[in-house]
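Novice: What follows is upload26.txt, made up of compact mmCIF, C-alpha atoms and all ligand atoms:
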# COMPACT_ATOMS: atom_id res chain seq x y z
CA MET Q 25 0.00 0.00 0.00
CA LYS Q 26 1.58 3.27 -1.15
CA ASN Q 27 0.51 6.78 -0.08
CA ASN Q 28 -2.32 5.28 1.95
CA VAL Q 29 -4.07 4.06 -1.19
CA LEU Q 30 -5.03 0.38 -1.30
CA LYS Q 31 -4.77 -1.14 -4.75
CA ILE Q 32 -7.28 -3.83 -5.56
CA GLY Q 33 -7.99 -6.12 -8.47
CA ILE Q 34 -11.56 -7.27 -8.99
CA ILE Q 35 -12.43 -10.62 -10.56
CA GLY Q 36 -15.95 -10.55 -11.97
CA LEU Q 37 -18.08 -7.65 -13.12
CA GLY Q 38 -21.58 -9.08 -12.90
CA VAL Q 39 -24.31 -7.78 -10.59
CA VAL Q 40 -22.15 -7.84 -7.45
CA GLY Q 41 -18.94 -6.62 -9.14
CA THR Q 42 -20.82 -3.68 -10.63
CA GLY Q 43 -22.24 -2.81 -7.20
CA VAL Q 44 -18.76 -2.97 -5.68
CA VAL Q 45 -17.26 -0.64 -8.30
CA LYS Q 46 -20.13 1.85 -7.86
CA THR Q 47 -19.86 1.80 -4.06
CA LEU Q 48 -16.07 2.18 -4.10
CA SER Q 49 -16.31 5.32 -6.23
CA SER Q 50 -16.92 7.33 -3.05
CA PHE Q 51 -13.74 6.07 -1.32
CA ASN Q 52 -10.58 7.76 -2.49
CA ASN Q 53 -8.28 5.49 -0.46
CA ILE Q 54 -9.13 2.51 -2.72
CA LYS Q 55 -7.83 2.28 -6.27
CA ILE Q 56 -9.23 -0.30 -8.66
CA GLN Q 57 -6.14 -1.35 -10.57
CA THR Q 58 -7.62 -3.99 -12.88
CA VAL Q 59 -10.93 -5.82 -13.35
CA ALA Q 60 -11.04 -9.31 -14.85
CA VAL Q 61 -14.10 -10.27 -16.90
CA ARG Q 62 -15.02 -13.25 -19.06
CA ASN Q 63 -15.96 -11.27 -22.16
CA LEU Q 64 -14.04 -8.08 -22.93
CA ASN Q 65 -16.53 -7.00 -25.60
CA LYS Q 66 -19.71 -7.18 -23.53
CA LYS Q 67 -21.67 -3.90 -23.13
CA ARG Q 68 -21.52 -2.76 -19.51
CA GLU Q 69 -23.36 -0.35 -17.25
CA ILE Q 70 -20.08 1.10 -15.98
CA GLU Q 71 -16.90 1.97 -17.80
CA ILE Q 72 -13.65 0.44 -16.58
CA LYS Q 73 -10.28 1.45 -18.00
CA ASN Q 74 -8.18 -1.59 -17.15
CA LEU Q 75 -10.11 -4.69 -18.13
CA THR Q 76 -8.49 -8.07 -18.67
CA ASP Q 77 -9.85 -11.48 -19.49
CA ASP Q 78 -7.01 -13.15 -17.59
CA PRO Q 79 -7.70 -13.24 -13.82
CA PHE Q 80 -4.15 -14.53 -13.22
CA GLU Q 81 -2.90 -11.12 -14.37
CA ILE Q 82 -4.49 -9.75 -11.19
CA ALA Q 83 -3.23 -12.62 -9.00
CA ASN Q 84 0.33 -12.00 -10.25
CA ASP Q 85 0.34 -8.17 -10.33
CA PRO Q 86 2.91 -7.00 -7.72
CA GLU Q 87 1.14 -3.64 -7.41
CA ILE Q 88 -2.13 -5.19 -6.15
CA ASP Q 89 -2.66 -5.50 -2.38
CA VAL Q 90 -6.07 -7.18 -2.33
CA VAL Q 91 -7.86 -9.49 -4.76
CA VAL Q 92 -11.63 -9.12 -4.68
CA GLU Q 93 -13.33 -12.17 -6.19
CA VAL Q 94 -16.99 -11.81 -7.10
CA ALA Q 95 -17.08 -14.14 -10.10
CA GLY Q 96 -18.41 -17.28 -8.40
CA GLY Q 97 -17.78 -20.97 -9.13
CA VAL Q 98 -14.75 -23.11 -8.40
CA ASN Q 99 -12.93 -22.84 -11.72
CA PRO Q 100 -10.81 -20.87 -12.28
CA CYS Q 101 -11.33 -19.06 -8.94
CA LEU Q 102 -9.63 -21.70 -6.78
CA GLU Q 103 -6.36 -21.59 -8.70
CA VAL Q 104 -6.51 -17.80 -9.12
CA LEU Q 105 -6.99 -17.20 -5.39
CA LYS Q 106 -4.30 -19.72 -4.45
CA THR Q 107 -1.89 -17.93 -6.76
CA ALA Q 108 -2.84 -14.56 -5.27
CA ILE Q 109 -2.39 -15.87 -1.71
CA LYS Q 110 1.05 -17.29 -2.56
CA ASN Q 111 1.85 -13.80 -3.89
CA LYS Q 112 0.92 -12.45 -0.41
CA LYS Q 113 -2.31 -10.74 -1.42
CA HIS Q 114 -5.27 -10.49 0.92
CA ILE Q 115 -8.54 -11.85 -0.42
CA VAL Q 116 -12.11 -10.62 -0.26
CA THR Q 117 -14.57 -13.07 -1.78
CA ALA Q 118 -18.31 -13.63 -2.07
CA ASN Q 119 -17.80 -17.16 -3.39
CA LYS Q 120 -19.84 -19.51 -1.20
CA GLU Q 121 -19.33 -22.61 -3.36
CA LEU Q 122 -15.56 -22.17 -3.37
CA LEU Q 123 -15.33 -21.66 0.40
CA ALA Q 124 -17.77 -24.46 1.23
CA LYS Q 125 -15.85 -26.96 -0.93
CA HIS Q 126 -12.25 -25.71 -0.63
CA GLY Q 127 -12.24 -23.39 2.38
CA ASP Q 128 -9.78 -25.57 4.31
CA GLU Q 129 -7.21 -25.40 1.52
CA ILE Q 130 -7.66 -21.63 1.05
CA PHE Q 131 -7.63 -20.75 4.76
CA SER Q 132 -4.58 -22.95 5.47
CA LEU Q 133 -2.66 -21.42 2.58
CA ALA Q 134 -3.66 -17.94 3.76
CA ASN Q 135 -2.44 -18.70 7.29
CA GLU Q 136 0.88 -20.00 5.93
CA ASN Q 137 1.31 -16.82 3.86
CA ASN Q 138 0.14 -14.47 6.61
CA VAL Q 139 -2.70 -13.01 4.59
CA THR Q 140 -6.38 -12.63 5.43
CA VAL Q 141 -9.40 -14.01 3.59
CA LEU Q 142 -12.61 -12.11 4.29
CA TYR Q 143 -15.98 -13.35 3.02
CA GLU Q 144 -18.82 -11.48 4.69
CA ALA Q 145 -20.72 -11.38 1.37
CA ALA Q 146 -20.65 -15.15 0.92
CA VAL Q 147 -23.46 -15.77 3.41
CA ALA Q 148 -26.73 -13.85 3.52
CA GLY Q 149 -25.57 -10.98 1.26
CA GLY Q 150 -25.93 -7.73 3.15
CA ILE Q 151 -26.43 -9.20 6.64
CA PRO Q 152 -23.31 -8.88 8.80
CA ILE Q 153 -22.98 -12.40 10.18
CA ILE Q 154 -19.48 -13.81 9.54
CA GLY Q 155 -17.75 -10.88 11.27
CA PRO Q 156 -19.98 -10.92 14.38
CA ILE Q 157 -19.64 -14.70 14.83
CA LYS Q 158 -15.84 -14.45 14.63
CA THR Q 159 -15.47 -11.37 16.80
CA THR Q 160 -18.26 -10.03 19.02
CA LEU Q 161 -19.78 -13.47 19.65
CA ARG Q 162 -16.46 -15.29 20.02
CA GLY Q 163 -17.05 -16.01 23.69
CA ASN Q 164 -20.01 -18.26 22.97
CA LYS Q 165 -20.40 -22.00 22.75
CA PHE Q 166 -23.04 -22.47 20.07
CA ASN Q 167 -25.49 -25.34 19.86
CA LYS Q 168 -27.32 -24.26 16.74
CA VAL Q 169 -27.26 -22.01 13.69
CA MET Q 170 -30.06 -21.99 11.17
CA GLY Q 171 -31.68 -19.66 8.74
CA ILE Q 172 -33.41 -18.68 5.58
CA LEU Q 173 -30.27 -18.28 3.51
CA ASN Q 174 -31.62 -18.06 -0.01
CA GLY Q 175 -33.72 -15.14 -1.20
CA THR Q 176 -34.93 -16.74 -4.43
CA THR Q 177 -36.56 -19.73 -2.76
CA ASN Q 178 -38.02 -17.62 0.04
CA TYR Q 179 -39.53 -15.35 -2.59
CA ILE Q 180 -41.03 -18.33 -4.47
CA LEU Q 181 -42.50 -19.91 -1.32
CA THR Q 182 -43.93 -16.55 -0.20
CA LYS Q 183 -45.63 -15.96 -3.57
CA MET Q 184 -46.99 -19.52 -3.70
CA GLU Q 185 -48.61 -18.96 -0.33
CA GLN Q 186 -49.83 -15.39 -0.78
CA GLU Q 187 -51.05 -15.68 -4.36
CA GLY Q 188 -51.93 -19.38 -4.56
CA LEU Q 189 -49.77 -19.72 -7.69
CA SER Q 190 -47.86 -22.86 -8.69
CA TYR Q 191 -44.15 -23.33 -8.11
CA GLU Q 192 -43.49 -22.98 -11.86
CA GLU Q 193 -45.39 -19.67 -12.10
CA CYS Q 194 -43.62 -18.23 -9.05
CA LEU Q 195 -40.24 -19.36 -10.41
CA ARG Q 196 -41.00 -17.48 -13.64
CA GLN Q 197 -41.80 -14.34 -11.61
CA ALA Q 198 -38.56 -14.74 -9.66
CA GLN Q 199 -36.65 -15.02 -12.95
CA LYS Q 200 -38.34 -11.88 -14.32
CA LEU Q 201 -37.33 -9.95 -11.20
CA GLY Q 202 -33.74 -11.14 -11.61
CA TYR Q 203 -33.72 -13.23 -8.39
CA ALA Q 204 -33.53 -16.61 -10.10
CA GLU Q 205 -31.09 -17.46 -12.88
CA ALA Q 206 -32.16 -18.96 -16.22
CA ASP Q 207 -30.93 -22.27 -14.77
CA PRO Q 208 -32.31 -22.01 -11.23
CA THR Q 209 -30.92 -25.35 -9.97
CA ASN Q 210 -28.38 -23.83 -7.60
CA ASP Q 211 -31.08 -21.96 -5.69
CA VAL Q 212 -34.18 -24.15 -5.96
CA GLU Q 213 -32.43 -27.47 -5.28
CA GLY Q 214 -30.84 -26.07 -2.12
CA PHE Q 215 -27.17 -26.04 -3.21
CA ASP Q 216 -26.77 -22.32 -2.44
CA THR Q 217 -28.23 -22.80 1.05
CA MET Q 218 -26.02 -25.88 1.55
CA TYR Q 219 -22.85 -23.89 0.81
CA LYS Q 220 -23.94 -21.13 3.19
CA ILE Q 221 -24.84 -23.44 6.08
CA ALA Q 222 -21.49 -25.24 5.58
CA ILE Q 223 -19.63 -21.92 5.87
CA LEU Q 224 -21.62 -20.90 8.95
CA SER Q 225 -21.15 -24.31 10.61
CA ASN Q 226 -17.40 -24.06 10.09
CA ILE Q 227 -17.10 -20.85 12.08
CA VAL Q 228 -19.81 -21.63 14.64
CA PHE Q 229 -18.49 -25.10 15.54
CA HIS Q 230 -14.80 -24.56 14.62
CA LYS Q 231 -14.68 -27.72 12.53
CA LYS Q 232 -14.03 -28.65 8.91
CA ILE Q 233 -17.37 -29.43 7.24
CA ASP Q 234 -17.79 -31.99 4.47
CA CYS Q 235 -20.44 -30.63 2.07
CA SER Q 236 -21.02 -34.06 0.58
CA LYS Q 237 -22.34 -35.25 3.97
CA ILE Q 238 -24.93 -32.47 4.27
CA TYR Q 239 -28.46 -33.70 3.64
CA ARG Q 240 -30.02 -31.50 0.95
CA GLU Q 241 -33.51 -31.12 -0.45
CA GLY Q 242 -34.83 -28.14 -2.42
CA ILE Q 243 -38.31 -26.75 -2.94
CA THR Q 244 -39.24 -28.09 -6.39
CA HIS Q 245 -41.56 -30.76 -4.91
CA ILE Q 246 -43.54 -28.34 -2.71
CA THR Q 247 -47.11 -27.88 -3.97
CA ILE Q 248 -49.75 -25.23 -3.28
CA SER Q 249 -51.76 -28.00 -1.65
CA ASP Q 250 -48.90 -28.66 0.84
CA ILE Q 251 -48.75 -24.96 1.64
CA ALA Q 252 -52.54 -24.70 2.08
CA CYS Q 253 -52.64 -27.78 4.35
CA ALA Q 254 -49.67 -26.49 6.37
CA ASN Q 255 -51.46 -23.11 6.77
CA GLU Q 256 -54.62 -24.89 7.93
CA LEU Q 257 -52.61 -26.67 10.61
CA GLY Q 258 -50.99 -23.40 11.75
CA TYR Q 259 -47.67 -23.56 9.86
CA LYS Q 260 -45.76 -21.86 7.04
CA ILE Q 261 -43.25 -23.59 4.77
CA LYS Q 262 -39.69 -22.22 4.58
CA LEU Q 263 -36.46 -23.58 3.09
CA LEU Q 264 -33.96 -23.66 5.95
CA GLY Q 265 -30.31 -24.45 6.38
CA ILE Q 266 -29.93 -26.02 9.82
CA ALA Q 267 -26.81 -27.01 11.75
CA GLN Q 268 -27.07 -28.19 15.32
CA ARG Q 269 -25.40 -30.38 17.88
CA ILE Q 270 -27.25 -33.69 18.25
CA ASN Q 271 -27.47 -32.89 21.98
CA ASP Q 272 -26.25 -29.84 23.89
CA ASN Q 273 -22.45 -30.03 24.19
CA ASP Q 274 -22.37 -33.06 21.86
CA GLU Q 275 -19.56 -33.06 19.27
CA ARG Q 276 -21.81 -34.76 16.66
CA LEU Q 277 -23.40 -32.31 14.24
CA ASP Q 278 -26.66 -32.57 12.36
CA ILE Q 279 -26.38 -30.35 9.28
CA ARG Q 280 -29.11 -30.25 6.63
CA VAL Q 281 -31.01 -28.21 4.10
CA HIS Q 282 -34.67 -28.87 3.41
CA PRO Q 283 -38.13 -27.27 3.47
CA VAL Q 284 -39.54 -27.01 6.98
CA LEU Q 285 -42.97 -26.38 8.47
CA VAL Q 286 -42.47 -23.56 10.96
CA ASN Q 287 -45.11 -22.44 13.44
CA GLU Q 288 -47.05 -19.49 12.07
CA ASN Q 289 -46.43 -17.55 15.29
CA SER Q 290 -42.64 -17.87 15.09
CA THR Q 291 -40.54 -14.92 13.96
CA ILE Q 292 -38.94 -16.98 11.20
CA SER Q 293 -42.36 -17.68 9.64
CA LYS Q 294 -42.75 -13.94 9.08
CA ILE Q 295 -39.56 -13.53 7.03
CA ASN Q 296 -40.97 -13.15 3.54
CA ASP Q 297 -39.95 -12.41 -0.04
CA ALA Q 298 -36.22 -12.31 -0.77
CA ILE Q 299 -35.23 -11.47 2.83
CA ASN Q 300 -32.76 -13.72 4.67
CA THR Q 301 -32.44 -14.44 8.35
CA VAL Q 302 -29.87 -16.22 10.52
CA LEU Q 303 -30.64 -17.54 14.02
CA LEU Q 304 -27.98 -18.51 16.51
CA GLU Q 305 -28.32 -20.28 19.83
CA GLY Q 306 -25.34 -20.07 22.10
CA HIS Q 307 -24.15 -19.66 25.63
CA PRO Q 308 -23.96 -17.08 27.14
CA VAL Q 309 -25.73 -14.98 24.50
CA GLY Q 310 -28.93 -17.05 24.21
CA LYS Q 311 -30.95 -16.82 21.01
CA ILE Q 312 -30.23 -14.07 18.51
CA MET Q 313 -31.46 -13.38 15.03
CA PHE Q 314 -30.00 -11.32 12.17
CA THR Q 315 -32.37 -10.32 9.38
CA GLY Q 316 -31.94 -8.35 6.16
CA PRO Q 317 -31.44 -8.43 2.42
CA GLY Q 318 -29.60 -11.59 1.46
CA ALA Q 319 -28.83 -10.93 -2.19
CA GLY Q 320 -28.70 -8.32 -4.92
CA GLU Q 321 -26.27 -5.68 -6.11
CA SER Q 322 -26.30 -3.18 -3.26
CA PRO Q 323 -26.61 -5.39 -0.16
CA THR Q 324 -23.89 -7.76 -1.36
CA ALA Q 325 -21.67 -4.84 -2.40
CA SER Q 326 -22.12 -3.43 1.12
CA SER Q 327 -20.51 -6.54 2.63
CA VAL Q 328 -17.72 -6.79 0.01
CA VAL Q 329 -16.81 -3.12 0.41
CA GLY Q 330 -16.92 -3.42 4.21
CA ASP Q 331 -14.31 -6.19 4.00
CA ILE Q 332 -12.10 -4.18 1.61
CA LEU Q 333 -12.23 -1.15 3.92
CA ALA Q 334 -11.48 -3.31 6.97
CA ILE Q 335 -8.23 -4.41 5.29
CA ALA Q 336 -7.47 -0.86 4.12
CA SER Q 337 -7.78 0.53 7.62
CA GLU Q 338 -5.34 -2.05 9.07
CA ILE Q 339 -2.79 -2.56 6.36
CA SER Q 340 -0.77 0.57 6.99
CA TYR Q 341 -0.33 -0.28 10.69
CA THR Q 342 0.43 -3.98 10.83
CA ASP Q 343 1.75 -6.92 8.84
CA THR Q 344 -0.74 -9.32 10.38
CA ILE Q 345 -4.10 -8.13 9.15
CA LEU Q 346 -7.23 -8.92 11.17
CA PRO Q 347 -5.92 -12.00 12.98
CA SER Q 348 -9.30 -12.46 14.68
CA GLN Q 349 -10.85 -13.17 11.29
CA ARG Q 350 -8.61 -16.12 10.47
CA VAL Q 351 -10.08 -19.59 10.28
CA ASN Q 352 -8.54 -22.66 11.84
CA VAL Q 353 -9.68 -25.79 10.04
CA SER Q 354 -7.59 -28.50 11.63
CA GLU Q 355 -10.32 -30.87 12.84
CA ASN Q 356 -13.04 -32.66 10.86
CA ALA Q 357 -16.62 -32.35 12.09
CA ILE Q 358 -18.49 -35.52 13.03
CA GLN Q 359 -21.55 -35.21 10.79
CA GLU Q 360 -24.55 -37.38 11.66
CA ASP Q 361 -26.55 -39.11 8.93
CA ILE Q 362 -30.08 -37.69 8.71
CA LEU Q 363 -31.47 -41.24 9.08
CA ASN Q 364 -30.33 -41.18 12.72
CA THR Q 365 -31.99 -37.86 13.56
CA ALA Q 366 -35.43 -37.34 15.13
CA ASN Q 367 -37.95 -34.88 13.73
CA SER Q 368 -41.63 -34.22 13.63
CA TYR Q 369 -43.05 -34.81 10.12
CA PHE Q 370 -45.86 -33.55 7.89
CA MET Q 371 -46.91 -36.26 5.42
CA SER Q 372 -49.38 -35.72 2.62
CA LEU Q 373 -50.85 -39.01 1.45
CA ASP Q 374 -52.96 -39.86 -1.55
CA ALA Q 375 -55.00 -42.85 -0.40
CA PRO Q 376 -57.59 -44.99 -2.20
CA ASN Q 377 -61.17 -44.30 -1.05
CA THR Q 378 -61.62 -47.61 0.73
CA ARG Q 379 -63.04 -48.50 4.11
CA GLY Q 380 -60.46 -48.63 6.87
CA VAL Q 381 -57.71 -46.79 4.98
CA ILE Q 382 -57.12 -44.42 7.89
CA GLY Q 383 -56.86 -47.50 10.12
CA ILE Q 384 -54.17 -48.92 7.80
CA ILE Q 385 -52.25 -45.63 7.94
CA GLY Q 386 -52.52 -45.63 11.74
CA SER Q 387 -51.33 -49.24 12.01
CA ILE Q 388 -48.34 -48.74 9.70
CA CYS Q 389 -47.34 -45.69 11.69
CA ALA Q 390 -47.77 -47.56 14.98
CA VAL Q 391 -45.57 -50.53 13.98
CA ASN Q 392 -42.90 -48.06 12.87
CA ASN Q 393 -42.86 -46.25 16.24
CA ILE Q 394 -44.66 -43.21 14.81
CA ASN Q 395 -47.16 -41.42 17.02
CA LEU Q 396 -49.60 -39.13 15.20
CA GLN Q 397 -50.28 -35.63 16.46
CA SER Q 398 -52.83 -34.46 13.82
CA ILE Q 399 -54.67 -36.02 10.92
CA ILE Q 400 -56.98 -34.43 8.36
CA GLN Q 401 -58.82 -35.87 5.37
CA LYS Q 402 -59.77 -33.45 2.61
CA GLY Q 403 -62.93 -35.12 1.20
CA ILE Q 404 -62.80 -37.47 -1.80
CA LYS Q 405 -61.23 -36.43 -5.12
CA LYS Q 406 -62.68 -37.10 -8.58
CA ASP Q 407 -60.34 -40.04 -9.09
CA ASN Q 408 -61.82 -41.68 -5.97
CA THR Q 409 -58.74 -41.06 -3.83
CA ALA Q 410 -58.47 -38.94 -0.72
CA LEU Q 411 -55.83 -36.46 0.35
CA ILE Q 412 -54.92 -37.30 3.93
CA VAL Q 413 -52.46 -35.15 5.83
CA VAL Q 414 -50.79 -36.19 9.07
CA ILE Q 415 -48.36 -34.56 11.45
CA THR Q 416 -46.29 -36.89 13.60
CA GLU Q 417 -44.68 -36.46 16.97
CA LYS Q 418 -40.87 -36.68 17.10
CA THR Q 419 -39.87 -39.73 15.10
CA LEU Q 420 -36.63 -41.22 13.81
CA GLU Q 421 -36.06 -40.42 10.13
CA GLN Q 422 -35.32 -44.12 9.52
CA ASP Q 423 -38.76 -45.03 10.90
CA ILE Q 424 -40.48 -42.51 8.62
CA GLN Q 425 -38.65 -43.87 5.59
CA ASN Q 426 -39.64 -47.44 6.55
CA ALA Q 427 -43.28 -46.35 7.01
CA LYS Q 428 -43.21 -44.64 3.60
CA LYS Q 429 -42.26 -47.93 1.92
CA GLU Q 430 -44.98 -49.85 3.78
CA LEU Q 431 -47.66 -47.22 2.95
CA GLU Q 432 -46.73 -47.34 -0.72
CA ALA Q 433 -46.90 -51.14 -0.68
CA GLN Q 434 -50.56 -50.66 0.42
CA ASN Q 435 -51.26 -48.33 -2.55
CA ILE Q 436 -51.15 -45.27 -0.30
CA ASN Q 437 -49.03 -42.80 -2.20
CA VAL Q 438 -46.76 -40.65 -0.01
CA GLU Q 439 -46.85 -37.42 -2.02
CA ASN Q 440 -44.67 -35.40 0.28
CA ILE Q 441 -42.81 -35.61 3.56
CA ILE Q 442 -41.79 -32.28 5.09
CA ARG Q 443 -40.04 -31.95 8.42
CA VAL Q 444 -41.61 -29.77 11.12
CA ILE Q 445 -39.83 -27.64 13.70
N1 LIG Q 501 -29.02 -16.57 -5.36
C1 LIG Q 501 -28.90 -16.29 -3.97
C2 LIG Q 501 -30.26 -15.98 -3.38
C3 LIG Q 501 -27.96 -15.16 -3.67
O1 LIG Q 501 -31.27 -16.02 -4.07
O2 LIG Q 501 -30.32 -15.75 -2.18
C4 LIG Q 501 -26.53 -15.55 -3.85
O3 LIG Q 501 -26.19 -16.60 -3.02
Could you write out this structure as structure tokens?
Ligand code: HSE

Specialist:
Amino acid sequence: MKNNVLKIGIIGLGVVGTGVVKTLSSFNNIKIQTVAVRNLNKKREIEIKNLTDDPFEIANDPEIDVVVEVAGGVNPCLEVLKTAIKNKKHIVTANKELLAKHGDEIFSLANENNVTVLYEAAVAGGIPIIGPIKTTLRGNKFNKVMGILNGTTNYILTKMEQEGLSYEECLRQAQKLGYAEADPTNDVEGFDTMYKIAILSNIVFHKKIDCSKIYREGITHITISDIACANELGYKIKLLGIAQRINDNDERLDIRVHPVLVNENSTISKINDAINTVLLEGHPVGKIMFTGPGAGESPTASSVVGDILAIASEISYTDTILPSQRVNVSENAIQEDILNTANSYFMSLDAPNTRGVIGIIGSICAVNNINLQSIIQKGIKKDNTALIVVITEKTLEQDIQNAKKELEAQNINVENIIRVI
């Protein structure tokens, strides 16, 4: 850093990159040296003098102090950031997939090279959550972190409920508004939430998380009928990332992503549209919740720029930047298989209109250790089947899966199983 001006290189000039450049224009202690883009000829909202299509040019530029990566994806970002770190550059990234899959490698290399990797924007966009967990809340022992971590899916579920429109129609609306991509898989199948809950679990439980062991389900199978039945029973449906100790003080972690029925009176049930929320339960703090915009140009730029300025304000005073933000990833987490966890379940069943069918459902549940809390039958449909909805008491996932097979063997179609909290 020369003359108190921090020189940065930015990789990626999409929605977030554009927001970062715009926000930085009011800070004269930050100089954007070079921006790397995929296509040099693309028309852009903002004009940049030094564009390159080679991100390694930034990683290898001796003038650059900080590499800001807002391109997303693993390739080529992993190799680019590793090169930059070996060249002693600090990193600011919004790349959740990269950190969830390769965080251990990146953080270890950063520690070896005495540089800092900041990633506030990688989880819940504009909500400050990574910084507070690592600093202000450091004195806590956490038992749980969970949240609505994806704006696109929360928007779709909110619209399905409020307007009674199908998943497909609400997805189209989300695409028109620019929330969902043309290929929405990353959001709607829960990958984005999985990466974010992996990153949060890492800093909350101080363990290395294996993404491939996280149970993941998206929202594509949720129907308006499920939402209406859930509402009738006093619940809303939300896609949550959840990470918790199996028991208080237990080292085993239960980390998953799936739709959840949440009580309509809970605060989380009221988080609508593209808003995100993160809940933490720890000692001594108790329960706390952070809510705000989880995506989009300005909120995400707010977090990226905050990280850049945090480095800028330290770099002229010390060689060891923000030591409190460094991540130690020496130990693997013990991640429990979802089959061994206990939950309450909502099951929607399509049953033949025959005498005693509710009795059969009850018996199958009973032999599989499932105790029912509620049951409703919604008349008889034209095809002479009935929609029957049950909510169970706490049950082992393995027992529910066994019951599902036995119900289907009796011609009772299990249309959906959604966990309840
Ligand atoms: N696509 C994400 C969302 C934002 O809809 O919340 C980036 O992770």

Novice: Got a sec: who's within 8 Å of Ser322 in chain Q, counting only C-alpha atoms, leaving out chain neighbours fewer than 5 positions off, as a VMD selection string?

Specialist: chain Q and resid 40 43 to 44 150

Novice: Can you list, as a PyMOL selection string, every protein, DNA or RNA residue that comes within 10 Å of Ala319 in chain Q when you count only C-alpha atoms, leaving out same-chain residues fewer than 6 positions away?

Specialist: chain Q and resi 40+145-151+173-176+203+298-300+325

Novice: Selected residues, C-alpha atoms, written as an mmCIF file, in the frame of the given file, please.

Specialist:
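Output file result25.cif follows:
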data_model
loop_
_atom_site.group_PDB
_atom_site.id
_atom_site.type_symbol
_atom_site.label_atom_id
_atom_site.label_comp_id
_atom_site.auth_asym_id
_atom_site.auth_seq_id
_atom_site.Cartn_x
_atom_site.Cartn_y
_atom_site.Cartn_z
ATOM 1 C CA VAL Q 40 -22.150 -7.840 -7.450
ATOM 2 C CA ALA Q 145 -20.720 -11.380 1.370
ATOM 3 C CA ALA Q 146 -20.650 -15.150 0.920
ATOM 4 C CA VAL Q 147 -23.460 -15.770 3.410
ATOM 5 C CA ALA Q 148 -26.730 -13.850 3.520
ATOM 6 C CA GLY Q 149 -25.570 -10.980 1.260
ATOM 7 C CA GLY Q 150 -25.930 -7.730 3.150
ATOM 8 C CA ILE Q 151 -26.430 -9.200 6.640
ATOM 9 C CA LEU Q 173 -30.270 -18.280 3.510
ATOM 10 C CA ASN Q 174 -31.620 -18.060 -0.010
ATOM 11 C CA GLY Q 175 -33.720 -15.140 -1.200
ATOM 12 C CA THR Q 176 -34.930 -16.740 -4.430
ATOM 13 C CA TYR Q 203 -33.720 -13.230 -8.390
ATOM 14 C CA ALA Q 298 -36.220 -12.310 -0.770
ATOM 15 C CA ILE Q 299 -35.230 -11.470 2.830
ATOM 16 C CA ASN Q 300 -32.760 -13.720 4.670
ATOM 17 C CA ALA Q 325 -21.670 -4.840 -2.400
#

Novice: Taking all atoms listed in the file into account, which of Q:Leu64, Q:Leu333, Q:Leu102, Q:Ile172 comes nearest Gly318 in chain Q?

Specialist: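 Closest residue, counting all atoms listed in the file: Q:Ile172.
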
Novice: Using all atoms listed in the file for the distances, tell me which of Q:Arg350, Q:Lys55, Q:His126, Q:Lys220 is nearest to ligand LIG 501 (chain Q).

Specialist: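 The answer is Q:Lys220, which sits nearest to ligand LIG 501 (chain Q).
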
Novice: What's around Leu264 in chain Q at 8 Å? Count all atoms listed in the file, leave out sequence neighbours fewer than 6 positions away in its own chain, and write the answer as a list of chain:residue names.

Specialist: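 Selected residues are Q:Met170, Q:Gly171, Q:Ile172, Q:Leu173, Q:Thr217, Q:Val281, Q:His282, Q:Pro283, Q:Val284.
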
Novice: Mind rebuilding range 248-254 of chain Q with N, CA, C and O atoms and writing that out as an mmCIF file, keeping the file's coordinate frame?

Specialist:
data_model
loop_
_atom_site.group_PDB
_atom_site.id
_atom_site.type_symbol
_atom_site.label_atom_id
_atom_site.label_comp_id
_atom_site.auth_asym_id
_atom_site.auth_seq_id
_atom_site.Cartn_x
_atom_site.Cartn_y
_atom_site.Cartn_z
ATOM 1 N N ILE Q 248 -48.871 -26.192 -3.963
ATOM 2 C CA ILE Q 248 -49.750 -25.230 -3.280
ATOM 3 C C ILE Q 248 -50.618 -25.961 -2.272
ATOM 4 O O ILE Q 248 -50.965 -25.414 -1.229
ATOM 5 N N SER Q 249 -50.950 -27.208 -2.584
ATOM 6 C CA SER Q 249 -51.760 -28.000 -1.650
ATOM 7 C C SER Q 249 -50.999 -28.207 -0.332
ATOM 8 O O SER Q 249 -51.572 -28.069 0.751
ATOM 9 N N ASP Q 250 -49.694 -28.508 -0.401
ATOM 10 C CA ASP Q 250 -48.900 -28.660 0.840
ATOM 11 C C ASP Q 250 -48.944 -27.373 1.650
ATOM 12 O O ASP Q 250 -49.106 -27.400 2.877
ATOM 13 N N ILE Q 251 -48.793 -26.251 0.933
ATOM 14 C CA ILE Q 251 -48.750 -24.960 1.640
ATOM 15 C C ILE Q 251 -50.114 -24.681 2.287
ATOM 16 O O ILE Q 251 -50.191 -24.284 3.454
ATOM 17 N N ALA Q 252 -51.191 -24.956 1.543
ATOM 18 C CA ALA Q 252 -52.540 -24.700 2.080
ATOM 19 C C ALA Q 252 -52.801 -25.588 3.299
ATOM 20 O O ALA Q 252 -53.327 -25.117 4.324
ATOM 21 N N CYS Q 253 -52.423 -26.867 3.208
ATOM 22 C CA CYS Q 253 -52.640 -27.780 4.350
ATOM 23 C C CYS Q 253 -51.809 -27.341 5.552
ATOM 24 O O CYS Q 253 -52.275 -27.361 6.695
ATOM 25 N N ALA Q 254 -50.548 -26.951 5.278
ATOM 26 C CA ALA Q 254 -49.670 -26.490 6.370
ATOM 27 C C ALA Q 254 -50.307 -25.268 7.038
ATOM 28 O O ALA Q 254 -50.370 -25.186 8.274
#
